[in-house]
Every structure is written in structure tokens, then in C-alpha cells.
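Here is start_17.tsv, consisting of TSV, C-alpha atoms:
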chain	number	residue	atom	x	y	z
Z	1	MET	CA	120.93	55.42	117.83
Z	2	MET	CA	120.76	57.49	114.69
Z	3	SER	CA	122.66	56.34	111.62
Z	4	GLU	CA	125.11	58.67	109.94
Z	5	THR	CA	122.69	59.11	107.06
Z	6	GLN	CA	119.82	59.99	109.40
Z	7	GLN	CA	122.02	62.45	111.27
Z	8	LEU	CA	123.08	64.15	108.05
Z	9	SER	CA	119.43	64.36	106.95
Z	10	LEU	CA	118.50	66.02	110.22
Z	11	ASP	CA	121.46	68.42	110.00
Z	12	LEU	CA	120.48	69.41	106.46
Z	13	LYS	CA	116.85	69.94	107.44
Z	14	ARG	CA	117.91	72.15	110.34
Z	15	MET	CA	120.25	74.06	108.04
Z	16	ILE	CA	117.41	74.67	105.57
Z	17	ILE	CA	115.01	75.83	108.32
Z	18	ASP	CA	117.57	78.14	109.98
Z	19	THR	CA	119.15	79.52	106.83
Z	20	LEU	CA	115.86	80.23	105.10
Z	21	GLU	CA	114.10	81.43	108.30
Z	22	LEU	CA	111.19	79.07	107.72
Z	23	GLU	CA	108.53	79.80	110.32
Z	24	ASP	CA	106.41	77.05	111.83
Z	25	ILE	CA	108.29	74.28	110.01
Z	26	THR	CA	110.05	71.47	111.88
Z	27	PRO	CA	112.48	68.88	110.48
Z	28	ASP	CA	109.64	66.33	110.54
Z	29	ASP	CA	107.68	68.49	108.10
Z	30	ILE	CA	110.34	68.13	105.40
Z	31	ASP	CA	109.71	65.02	103.32
Z	32	GLU	CA	113.00	63.46	102.16
Z	33	ASP	CA	111.73	62.82	98.64
Z	34	ALA	CA	109.39	65.78	98.10
Z	35	PRO	CA	110.53	68.65	95.85
Z	36	LEU	CA	112.20	71.48	97.79
Z	37	PHE	CA	111.32	74.13	95.21
Z	38	GLY	CA	108.02	75.19	93.68
Z	39	GLU	CA	105.67	72.42	94.82
Z	40	GLY	CA	106.47	70.61	98.07
Z	41	LEU	CA	108.31	72.88	100.49
Z	42	GLY	CA	107.74	75.88	98.16
Z	43	LEU	CA	111.19	77.47	98.12
Z	44	ASP	CA	112.12	80.01	95.43
Z	45	SER	CA	115.17	81.00	93.41
Z	46	ILE	CA	116.62	83.29	96.10
Z	47	ASP	CA	116.37	80.38	98.54
Z	48	ALA	CA	118.40	78.29	96.07
Z	49	LEU	CA	121.20	80.86	96.13
Z	50	GLU	CA	121.02	81.07	99.92
Z	51	LEU	CA	121.18	77.28	100.26
Z	52	GLY	CA	124.11	77.16	97.84
Z	53	LEU	CA	126.01	79.58	100.07
Z	54	ALA	CA	125.12	77.62	103.23
Z	55	LEU	CA	126.32	74.35	101.67
Z	56	GLN	CA	129.59	76.00	100.75
Z	57	LYS	CA	130.11	77.45	104.22
Z	58	ARG	CA	129.13	74.35	106.17
Z	59	TYR	CA	130.20	71.43	103.98
Z	60	GLY	CA	132.63	73.00	101.53
Z	61	VAL	CA	130.41	71.99	98.61
Z	62	LYS	CA	130.71	74.43	95.73
Z	63	LEU	CA	127.91	74.52	93.20
Z	64	ASP	CA	127.79	76.23	89.85
Z	65	ALA	CA	124.51	78.17	89.66
Z	66	GLU	CA	124.41	77.66	85.88
Z	67	ALA	CA	125.15	73.92	85.81
Z	68	GLU	CA	122.34	71.49	84.98
Z	69	ASP	CA	123.58	69.17	87.76
Z	70	THR	CA	122.74	71.81	90.35
Z	71	ARG	CA	119.06	71.51	89.55
Z	72	ARG	CA	119.29	67.75	90.16
Z	73	HIS	CA	121.13	68.18	93.48
Z	74	PHE	CA	118.42	70.57	94.72
Z	75	ALA	CA	115.54	68.31	93.67
Z	76	SER	CA	114.88	66.96	97.18
Z	77	LEU	CA	116.41	66.59	100.62
Z	78	ALA	CA	117.55	63.07	99.67
Z	79	ALA	CA	119.35	64.43	96.58
Z	80	LEU	CA	121.03	67.15	98.67
Z	81	ARG	CA	122.16	64.55	101.19
Z	82	ALA	CA	123.62	62.39	98.41
Z	83	LEU	CA	125.56	65.42	97.17
Z	84	VAL	CA	127.08	66.11	100.59
Z	85	GLU	CA	127.88	62.40	101.10
Z	86	ALA	CA	129.58	62.21	97.72
Z	87	HIS	CA	131.63	65.29	98.57
Z	88	ARG	CA	132.71	63.71	101.88
Z	89	ASP	CA	133.85	60.53	100.12
Z	90	VAL	CA	136.16	62.39	97.74
O	1	MET	CA	95.00	124.22	94.79
O	2	ASP	CA	93.33	120.81	95.01
O	3	GLU	CA	92.32	119.72	98.48
O	4	LEU	CA	93.97	116.73	100.09
O	5	CYS	CA	91.63	114.70	102.31
O	6	LEU	CA	92.22	111.89	104.81
O	7	SER	CA	89.53	109.20	104.92
O	8	GLN	CA	91.22	106.45	106.92
O	9	TRP	CA	94.42	105.73	108.80
O	10	CYS	CA	96.17	102.83	110.49
O	11	GLY	CA	99.21	102.67	112.78
O	12	TRP	CA	101.55	100.22	114.49
O	13	GLN	CA	104.26	100.45	117.16
O	14	LYS	CA	106.53	97.79	118.52
O	15	HIS	CA	105.93	97.40	122.26
O	16	GLY	CA	102.99	99.80	122.00
O	17	GLU	CA	100.41	100.10	124.77
O	18	ASP	CA	96.92	98.72	124.26
O	19	ARG	CA	94.61	101.57	123.31
O	20	PRO	CA	91.15	100.04	122.98
O	21	ASP	CA	89.70	103.47	122.23
O	22	THR	CA	91.81	103.69	119.07
O	23	PRO	CA	90.81	100.84	116.72
O	24	GLN	CA	93.13	102.26	114.03
O	25	LEU	CA	96.14	100.89	115.93
O	26	LEU	CA	97.16	97.34	115.04
O	27	PRO	CA	98.27	94.97	117.83
O	28	SER	CA	101.98	95.32	118.63
O	29	ASP	CA	102.64	91.59	118.60
O	30	GLY	CA	102.81	89.32	115.60
O	31	PRO	CA	102.65	91.73	112.66
O	32	GLY	CA	102.47	90.23	109.17
O	33	LYS	CA	99.09	88.53	109.25
O	34	SER	CA	98.36	89.87	105.75
O	35	LEU	CA	101.31	87.89	104.37
O	36	PRO	CA	101.69	84.17	103.70
O	37	ALA	CA	104.44	82.65	105.89
O	38	MET	CA	106.82	82.10	102.97
O	39	LEU	CA	106.80	85.86	102.22
O	40	ARG	CA	106.50	87.06	105.81
O	41	ARG	CA	109.90	85.54	106.68
O	42	ARG	CA	111.56	87.98	104.27
O	43	LEU	CA	110.68	91.12	106.29
O	44	ASP	CA	111.40	92.45	109.77
O	45	ASP	CA	108.54	93.42	112.09
O	46	ALA	CA	108.32	96.98	110.72
O	47	GLY	CA	108.10	95.69	107.14
O	48	ARG	CA	105.48	93.15	108.14
O	49	ALA	CA	103.40	95.79	109.92
O	50	THR	CA	103.69	98.06	106.86
O	51	CYS	CA	102.21	95.32	104.68
O	52	ASP	CA	99.34	94.87	107.17
O	53	ILE	CA	98.68	98.62	107.10
O	54	LEU	CA	98.72	98.74	103.29
O	55	ALA	CA	96.40	95.72	103.11
O	56	SER	CA	94.00	97.31	105.55
O	57	LEU	CA	93.87	100.69	103.74
O	58	ASP	CA	93.84	99.20	100.22
O	59	SER	CA	91.90	95.99	100.74
O	60	GLY	CA	91.06	95.66	97.05
O	61	ALA	CA	94.70	96.12	95.92
O	62	GLU	CA	93.54	98.82	93.52
O	63	LEU	CA	95.26	102.04	94.64
O	64	PRO	CA	98.75	103.50	94.10
O	65	LEU	CA	100.90	102.83	97.16
O	66	LEU	CA	103.64	105.16	98.40
O	67	HIS	CA	106.02	104.00	101.10
O	68	ALA	CA	108.60	106.13	102.85
O	69	SER	CA	111.27	105.18	105.32
O	70	ARG	CA	114.14	107.39	106.33
O	71	HIS	CA	116.57	104.59	107.17
O	72	GLY	CA	115.03	101.44	105.67
O	73	ASP	CA	116.11	98.12	107.18
O	74	ALA	CA	119.29	99.58	108.68
O	75	THR	CA	119.94	96.53	110.86
O	76	ARG	CA	120.35	94.19	107.92
O	77	THR	CA	122.22	96.76	105.84
O	78	LEU	CA	124.77	97.24	108.61
O	79	ALA	CA	125.08	93.45	109.08
O	80	MET	CA	125.96	93.16	105.38
O	81	LEU	CA	128.60	95.87	105.71
O	82	HIS	CA	130.12	93.93	108.62
O	83	ASP	CA	130.16	90.78	106.45
O	84	LEU	CA	131.90	92.66	103.65
O	85	ILE	CA	134.57	93.94	106.02
O	86	ALA	CA	135.10	90.40	107.31
O	87	GLY	CA	135.42	89.10	103.73
O	88	GLU	CA	132.30	86.94	104.12
O	89	ALA	CA	130.00	86.22	101.20
O	90	LEU	CA	126.79	88.26	101.41
O	91	SER	CA	123.49	86.52	101.98
O	92	PRO	CA	121.65	86.59	98.61
O	93	THR	CA	118.34	87.01	100.45
O	94	ARG	CA	119.52	89.94	102.54
O	95	PHE	CA	121.16	91.55	99.53
O	96	SER	CA	118.05	91.22	97.38
O	97	LEU	CA	115.98	92.84	100.14
O	98	SER	CA	118.38	95.70	100.79
O	99	VAL	CA	116.63	97.92	98.23
O	100	HIS	CA	114.32	100.64	99.50
O	101	ASN	CA	111.27	99.23	97.70
O	102	ALA	CA	111.64	95.71	99.15
O	103	THR	CA	108.62	96.04	101.46
O	104	LEU	CA	106.37	97.26	98.66
O	105	GLY	CA	107.69	94.46	96.45
O	106	ILE	CA	106.81	91.75	98.99
O	107	HIS	CA	103.40	93.34	99.60
O	108	SER	CA	102.63	93.53	95.88
O	109	ILE	CA	103.50	89.84	95.39
O	110	ALA	CA	101.37	88.81	98.37
O	111	ARG	CA	98.34	90.86	97.30
O	112	GLN	CA	98.84	90.59	93.53
O	113	HIS	CA	98.85	94.38	93.50
O	114	GLN	CA	99.51	95.77	90.00
O	115	ARG	CA	99.11	99.55	90.44
O	116	PRO	CA	101.92	102.09	90.83
O	117	LEU	CA	104.29	101.59	93.76
O	118	GLN	CA	106.78	104.17	94.93
O	119	ALA	CA	109.42	104.07	97.66
O	120	LEU	CA	110.74	107.31	99.15
O	121	SER	CA	113.34	108.58	101.54
O	122	ALA	CA	113.53	112.30	102.32
O	123	CYS	CA	116.10	112.99	105.08
O	124	GLY	CA	113.43	113.37	107.74
O	125	ASN	CA	110.85	115.15	105.59
O	126	GLU	CA	109.13	111.90	104.62
O	127	PHE	CA	105.65	113.05	105.69
O	128	ASP	CA	105.65	116.14	103.48
O	129	ALA	CA	107.26	114.21	100.63
O	130	LEU	CA	104.54	111.56	100.81
O	131	LEU	CA	101.77	114.17	100.73
O	132	SER	CA	103.41	115.89	97.77
O	133	GLU	CA	103.75	112.66	95.81
O	134	ALA	CA	100.21	111.60	96.73
O	135	ARG	CA	98.91	114.87	95.34
O	136	GLY	CA	100.64	114.06	92.05
O	137	TYR	CA	98.91	110.69	91.72
O	138	LEU	CA	95.54	112.20	92.60
O	139	ALA	CA	96.08	114.92	89.98
O	140	GLU	CA	96.63	112.10	87.47
O	141	GLY	CA	93.08	110.94	88.19
O	142	TYR	CA	93.47	108.11	90.70
O	143	PRO	CA	90.46	108.14	93.06
O	144	ALA	CA	92.64	107.64	96.16
O	145	VAL	CA	96.22	106.90	97.19
O	146	VAL	CA	97.59	105.05	100.21
O	147	ILE	CA	100.75	106.37	101.85
O	148	ALA	CA	102.79	104.62	104.55
O	149	PHE	CA	105.74	105.82	106.63
O	150	THR	CA	107.89	103.33	108.50
O	151	GLU	CA	110.94	103.25	110.71
O	152	GLY	CA	112.51	99.92	111.65
O	153	ASP	CA	114.66	99.19	114.67
O	154	ILE	CA	117.93	101.02	114.45
O	155	PRO	CA	121.30	99.36	115.18
O	156	LYS	CA	122.88	100.57	118.40
O	157	GLU	CA	125.90	101.85	116.43
O	158	TYR	CA	123.67	104.57	114.93
O	159	LEU	CA	122.02	105.72	118.16
O	160	GLY	CA	122.67	109.38	118.81
O	161	HIS	CA	123.91	109.98	115.27
O	162	THR	CA	120.53	110.37	113.60
O	163	GLU	CA	116.95	111.21	114.51
O	164	HIS	CA	114.96	108.08	115.27
O	165	PRO	CA	111.68	107.45	117.11
O	166	GLY	CA	113.39	104.93	119.42
O	167	LYS	CA	111.42	101.89	118.33
O	168	ALA	CA	110.02	100.33	115.18
O	169	CYS	CA	106.80	101.99	114.05
O	170	ALA	CA	104.63	102.54	110.98
O	171	VAL	CA	101.65	104.62	109.99
O	172	GLY	CA	99.48	104.67	106.88
O	173	MET	CA	96.86	107.07	105.50
O	174	ARG	CA	94.33	106.81	102.71
O	175	LEU	CA	94.14	110.10	100.83
O	176	SER	CA	91.82	111.47	98.17
O	177	LEU	CA	90.71	114.88	96.91
O	178	ASN	CA	87.26	114.87	98.41
O	179	GLU	CA	86.65	112.17	101.02
O	180	GLY	CA	87.07	112.68	104.77
O	181	HIS	CA	88.95	115.32	106.76
O	182	LYS	CA	90.72	118.08	104.85
O	183	LEU	CA	94.45	118.44	105.32
O	184	VAL	CA	95.28	122.10	105.65
O	185	ALA	CA	98.80	123.46	105.20
O	186	GLY	CA	99.93	126.23	107.54
O	187	ALA	CA	102.88	128.55	107.06
O	188	SER	CA	105.69	126.82	105.18
O	189	GLY	CA	109.30	126.95	106.24
O	190	ASN	CA	108.48	126.80	109.94
O	191	SER	CA	110.81	125.20	112.47
O	192	LEU	CA	108.62	122.28	113.56
O	193	PRO	CA	110.54	119.09	114.36
O	194	ARG	CA	110.55	116.56	111.54
O	195	PRO	CA	107.84	114.01	112.35
O	196	THR	CA	108.50	110.31	112.84
O	197	PRO	CA	105.74	107.74	112.30
O	198	ILE	CA	105.05	107.82	116.07
O	199	ASP	CA	104.62	111.61	115.95
O	200	ILE	CA	102.12	111.18	113.13
O	201	ILE	CA	100.21	108.51	115.05
O	202	GLU	CA	99.99	110.86	118.04
O	203	TRP	CA	98.92	113.70	115.75
O	204	LEU	CA	96.15	111.52	114.29
O	205	CYS	CA	95.08	110.34	117.76
O	206	GLY	CA	94.76	114.04	118.66
O	207	ALA	CA	92.54	114.59	115.60
O	208	GLY	CA	95.34	116.49	113.81
O	209	LYS	CA	94.81	119.72	115.72
O	210	THR	CA	98.47	120.65	116.26
O	211	PRO	CA	100.53	121.56	113.16
O	212	ILE	CA	102.92	118.86	111.95
O	213	GLY	CA	105.56	118.56	109.25
O	214	ARG	CA	107.40	121.10	107.21
O	215	HIS	CA	104.18	122.72	106.03
O	216	GLY	CA	102.50	122.73	109.42
O	217	TRP	CA	99.64	120.40	108.46
O	218	THR	CA	96.42	120.27	110.47
O	219	LEU	CA	93.17	118.39	109.92
O	220	ALA	CA	90.02	120.43	109.40
Can I see the file as C-alpha cells?
Amino acid sequence: MMSETQQLSLDLKRMIIDTLELEDITPDDIDEDAPLFGEGLGLDSIDALELGLALQKRYGVKLDAEAEDTRRHFASLAALRALVEAHRDV
Amino acid sequence: MDELCLSQWCGWQKHGEDRPDTPQLLPSDGPGKSLPAMLRRRLDDAGRATCDILASLDSGAELPLLHASRHGDATRTLAMLHDLIAGEALSPTRFSLSVHNATLGIHSIARQHQRPLQALSACGNEFDALLSEARGYLAEGYPAVVIAFTEGDIPKEYLGHTEHPGKACAVGMRLSLNEGHKLVAGASGNSLPRPTPIDIIEWLCGAGKTPIGRHGWTLA
């Protein structure tokens, strides 16, 4: 049985793969703690905007593209999950 | 007038037949092999094939590249219009790629190409427009120029309202002033149908003997 945290991780990974049309990448390929941008998964700034929109549509999380916090939330899959969890707890 | 010469060409069609006797035709399936996966995902099949054609005709990334498409990526453009009508936020990726030079942009990043790039649309006269622009670059002193002409899949809403080859297709030619077969213009202002990329592929497969385009081009 998958924990709620594991399920959310998997959902976020699938969202990233589908939204960003990542070819040949499966959820297992996305390391929870590896950087999503630049090194690691290798996403770029347009992907960041696209992910921001997807988070808003799916989880109601609104991010300010200019805010310093946004950079921190997008640092890794684990950071993104923490953001969504925090939003759910509000 | 300076001569225009064709030294090499390359074509692609979605769902094309195998033609082993024509090595200039790329395989129909899986276009985009010249692009890394992270860039390939940004383009549709026609855009991917265009990049493969440009890479094949300009392997050293050293020539000016001209790319024409009459309709561009009409499928994604129409999808964005639908989103706007529905009050949905536009996809930043789709929006950023909705410019006519998106394919050349992706290609130039992938190949680190730093020469002139030009995107054209000419209401059906893309072939003649490409030749005219190519002549300009050659007159500037470039040793050769690569032109490409692409049509993507067209949304069903547009069928019957515009000329379209019926499937995604692309063709590229490497032109210079003195290398290969001479392009000869016939009488201008004739009533030949405006060529699609598929028409140009067929023309090249037939060694360019029948006149094509607004200026009735043949290959000598």
C-alpha cells in the first residue's frame, strides 16, 4: 500500500512527464532529491512556467514567478511535494 | 543574372512509401534524430523532420538557413485559440513556439548554428520566395545556402478552406551559384499550381524536368 506522500510523489512525477512531454522518461527516472532544472532532469525556464501553470490548474497552488521562494520550491521533486502538501494543510 | 544551382536535396513525408531507389528521402517514422530528446519534444513531426533535413544539408552548421511554411504549426495555434475562447491560460511552451521561426530556433540551439536564419511564409509561393531569398544571400558572398519548405498536419477545421498537401511533409535543397544542376526559370506569370513540399519532392524525383513554381523552374 502506497503512503499518501508516495502517491503524491508519483502524481507529481506523472504531471511533470505529461505536462513537459518528456520522452523516454518514467517516474522511476526522476530522483526525489536531484535538481529538476539545469543539472539533473535538465528542465529549462519555459518548463518552469509550464509547471507553474500545471500546479495552479491541478492543485490550486499559485506561484509568483519573481519570488525568491519559487526557486526553492522548484529545486527538486521533494521540494515541490512539500509545497503541495503545505498548500493542502492550509 | 547569376545562376542558381542545386547540389543536394533531402525530403520527408509522413506515412510515405519506402523508396529505396531514392536515398534523399528520410524514413517516415521517428523524425528528429538530429535533435536531443529535450529539444525534440518541443516540435511536431514536421518540425523534427525539418531539423533532420537542415542537419543533413548543412552538416557543419556553417550556411545560412531559410525555412518556409505556409501555415506553420496550425494545429497548436488553433488549440491556443480554443483555449483563449474557453478562458483557459495559454501553455507557455506552446505560446513560445507559436512564432514562425520556432523550428529554426530549436535547430540552431541543437546544432549551435550561428549563421543567418530566416523564416518565410508566402501565401503558397514559398518555393519561389525561398529561391529569391537564397539568391540574395549568395549575392552577399555566402558559398551556399540551405532552404527548407515544410507543411505540418492541418487541423480538420481548415480542410477545404486552404490549399494543403494532405499530410505533413518537408523538403530541403542546398543551393549555390556554381555547384550541381542549374535551376532555369521559364516564363514568369504562368498559371502553374502553387507547389507544396510534396510537389517539390516529386519534381526532384523526376529530375526537375517539368516546370514548377511561379517562374516555371526546371533543372538543367
Open item on the list: Only residues of chain Z matter here; which ones have an atom within 10 Å of chain O, counting only C-alpha atoms? Give them as an MDAnalysis selection string.
Closed with: chainID Z and resid 19:24 41:54 57
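The space between atom CA of Z:Arg88 and atom CA of Z:Gly40 spans 27.4 Å.
Note that the spacing between atom CA of O:Ser28 and atom CA of O:Trp9 amounts to 16.2 Å.
Distance check against O:Ala102 using all atoms listed in the file: of O:Leu131, O:Leu63, O:Leu43, O:Leu54, the minimum falls on O:Leu43.
Taking atom CA of Z:Asp29 and atom CA of Z:Leu80 as the two end points, the separation is 16.4 Å.
Using only C-alpha atoms, the protein and nucleic acid residues lying no more than 9 Å from O:Asn178, apart from those fewer than 6 places from it along its own chain, are Glu3, Leu4, Cys5, Leu6 and Ser7 of chain O.
Proximity of O:Ile154, O:Cys205, O:Cys169, O:Leu159 to O:Pro27, computed with only C-alpha atoms, is greatest for O:Cys169.
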Open item on the list: For a quick check of understanding, using only C-alpha atoms, which of Z:Leu10, Z:Ala75, Z:Leu83, Z:Val61 has the smallest distance to Z:Phe37?
Closed with: Z:Ala75
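Of the listed residues (Z:Gln6, Z:Lys13, Z:Arg72, Z:Met1), Z:Lys13 comes nearest to Z:Ile25; the distances count only C-alpha atoms.
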Task: Minimum-distance residue to O:Glu133, chosen among O:Glu62, O:Glu157, O:Pro165, O:Ala68 (using only C-alpha atoms) - done: O:Ala68
Open item on the list: What's around O:Ala46 at 8 Å? Count all atoms listed in the file, leave out sequence neighbours fewer than 4 positions away in its own chain, and write the answer as a PyMOL selection string.
Closed with: chain O and resi 31+50+150-153+168-170
Just to be explicit: take each residue in the selection above, keep C-alpha atoms, and write the result as a compact mmCIF listing (two decimals), in the frame of the given file.
# COMPACT_ATOMS: atom_id res chain seq x y z
CA PRO O 31 102.65 91.73 112.66
CA THR O 50 103.69 98.06 106.86
CA THR O 150 107.89 103.33 108.50
CA GLU O 151 110.94 103.25 110.71
CA GLY O 152 112.51 99.92 111.65
CA ASP O 153 114.66 99.19 114.67
CA ALA O 168 110.02 100.33 115.18
CA CYS O 169 106.80 101.99 114.05
CA ALA O 170 104.63 102.54 110.98
Open item on the list: At a cut-off of 9 Å, using only C-alpha atoms, what residues contact O:Asp128? Leave out same-chain residues fewer than 5 positions from it and give the result as a PyMOL selection string.
Closed with: chain O and resi 122+133+213-215+217
TODO: Write out as a VMD selection string which residues come within 9 Å of O:Lys209 when counting all atoms listed in the file, dropping same-chain ones fewer than 5 positions away.
DONE: chain O and resid 203 to 204 217 to 220
Task: Best match for closeness to Z:Glu85 among Z:Met15, Z:Met2, Z:Gly60, Z:Pro27, counting all atoms listed in the file - done: Z:Gly60
List the neighbours of stretch 108-111 of chain O out to 8 Å using only C-alpha atoms; skip same-chain residues closer than 5 positions along the sequence, and give me the result as a compact mmCIF listing (two decimals) with C-alpha atoms, in the coordinates of the input.
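Okay, part-v3.txt is ready:
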# COMPACT_ATOMS: atom_id res chain seq x y z
CA LEU O 35 101.31 87.89 104.37
CA PRO O 36 101.69 84.17 103.70
CA LEU O 39 106.80 85.86 102.22
CA ALA O 55 96.40 95.72 103.11
CA ALA O 61 94.70 96.12 95.92
Task: Selection as a list of chain:residue names: residues within 12 Å of (100.0, 94.3, 124.2), counting all atoms listed in the file - done: O:Trp12, O:Gln13, O:Lys14, O:His15, O:Gly16, O:Glu17, O:Asp18, O:Arg19, O:Pro20, O:Leu25, O:Leu26, O:Pro27, O:Ser28, O:Asp29, O:Gly30
Is it possible to dump stretch 56-105 of chain O as an mmCIF file, in the first residue's frame, including just C-alpha atoms?
data_model
loop_
_atom_site.group_PDB
_atom_site.id
_atom_site.type_symbol
_atom_site.label_atom_id
_atom_site.label_comp_id
_atom_site.auth_asym_id
_atom_site.auth_seq_id
_atom_site.Cartn_x
_atom_site.Cartn_y
_atom_site.Cartn_z
ATOM 1 C CA SER O 56 21.795 16.667 -43.345
ATOM 2 C CA LEU O 57 22.253 19.505 -45.882
ATOM 3 C CA ASP O 58 24.324 21.729 -43.564
ATOM 4 C CA SER O 59 26.243 19.169 -41.530
ATOM 5 C CA GLY O 60 28.891 21.688 -40.482
ATOM 6 C CA ALA O 61 26.307 24.271 -39.286
ATOM 7 C CA GLU O 62 28.052 26.882 -41.424
ATOM 8 C CA LEU O 63 25.479 28.028 -44.006
ATOM 9 C CA PRO O 64 22.562 30.487 -43.919
ATOM 10 C CA LEU O 65 19.298 28.590 -43.436
ATOM 11 C CA LEU O 66 15.959 29.673 -44.893
ATOM 12 C CA HIS O 67 12.780 27.959 -43.789
ATOM 13 C CA ALA O 68 9.350 28.480 -45.284
ATOM 14 C CA SER O 69 5.997 27.155 -44.194
ATOM 15 C CA ARG O 70 2.684 28.425 -45.442
ATOM 16 C CA HIS O 71 0.688 27.546 -42.321
ATOM 17 C CA GLY O 72 3.282 26.818 -39.638
ATOM 18 C CA ASP O 73 2.180 24.633 -36.727
ATOM 19 C CA ALA O 74 -1.514 25.321 -37.335
ATOM 20 C CA THR O 75 -2.655 22.527 -35.005
ATOM 21 C CA ARG O 76 -1.101 24.102 -31.932
ATOM 22 C CA THR O 77 -2.064 27.624 -32.971
ATOM 23 C CA LEU O 78 -5.706 26.610 -33.291
ATOM 24 C CA ALA O 79 -5.558 24.768 -29.938
ATOM 25 C CA MET O 80 -4.365 28.000 -28.321
ATOM 26 C CA LEU O 81 -7.223 29.937 -29.892
ATOM 27 C CA HIS O 82 -9.658 27.380 -28.452
ATOM 28 C CA ASP O 83 -8.043 27.835 -25.020
ATOM 29 C CA LEU O 84 -8.407 31.601 -25.279
ATOM 30 C CA ILE O 85 -12.091 31.301 -26.155
ATOM 31 C CA ALA O 86 -12.582 28.975 -23.177
ATOM 32 C CA GLY O 87 -10.815 31.467 -20.891
ATOM 33 C CA GLU O 88 -8.007 28.982 -20.178
ATOM 34 C CA ALA O 89 -4.454 30.119 -19.509
ATOM 35 C CA LEU O 90 -2.204 29.504 -22.523
ATOM 36 C CA SER O 91 0.589 26.978 -22.299
ATOM 37 C CA PRO O 92 3.842 28.993 -22.057
ATOM 38 C CA THR O 93 5.626 26.344 -24.122
ATOM 39 C CA ARG O 94 3.059 26.351 -26.907
ATOM 40 C CA PHE O 95 2.935 30.138 -26.905
ATOM 41 C CA SER O 96 6.713 30.480 -27.103
ATOM 42 C CA LEU O 97 6.777 28.080 -30.061
ATOM 43 C CA SER O 98 3.926 29.730 -31.946
ATOM 44 C CA VAL O 99 6.326 32.034 -33.812
ATOM 45 C CA HIS O 100 7.161 31.207 -37.413
ATOM 46 C CA ASN O 101 10.894 30.841 -36.725
ATOM 47 C CA ALA O 102 10.452 28.336 -33.871
ATOM 48 C CA THR O 103 11.764 25.371 -35.881
ATOM 49 C CA LEU O 104 14.879 27.254 -36.963
ATOM 50 C CA GLY O 105 15.371 28.399 -33.379
#
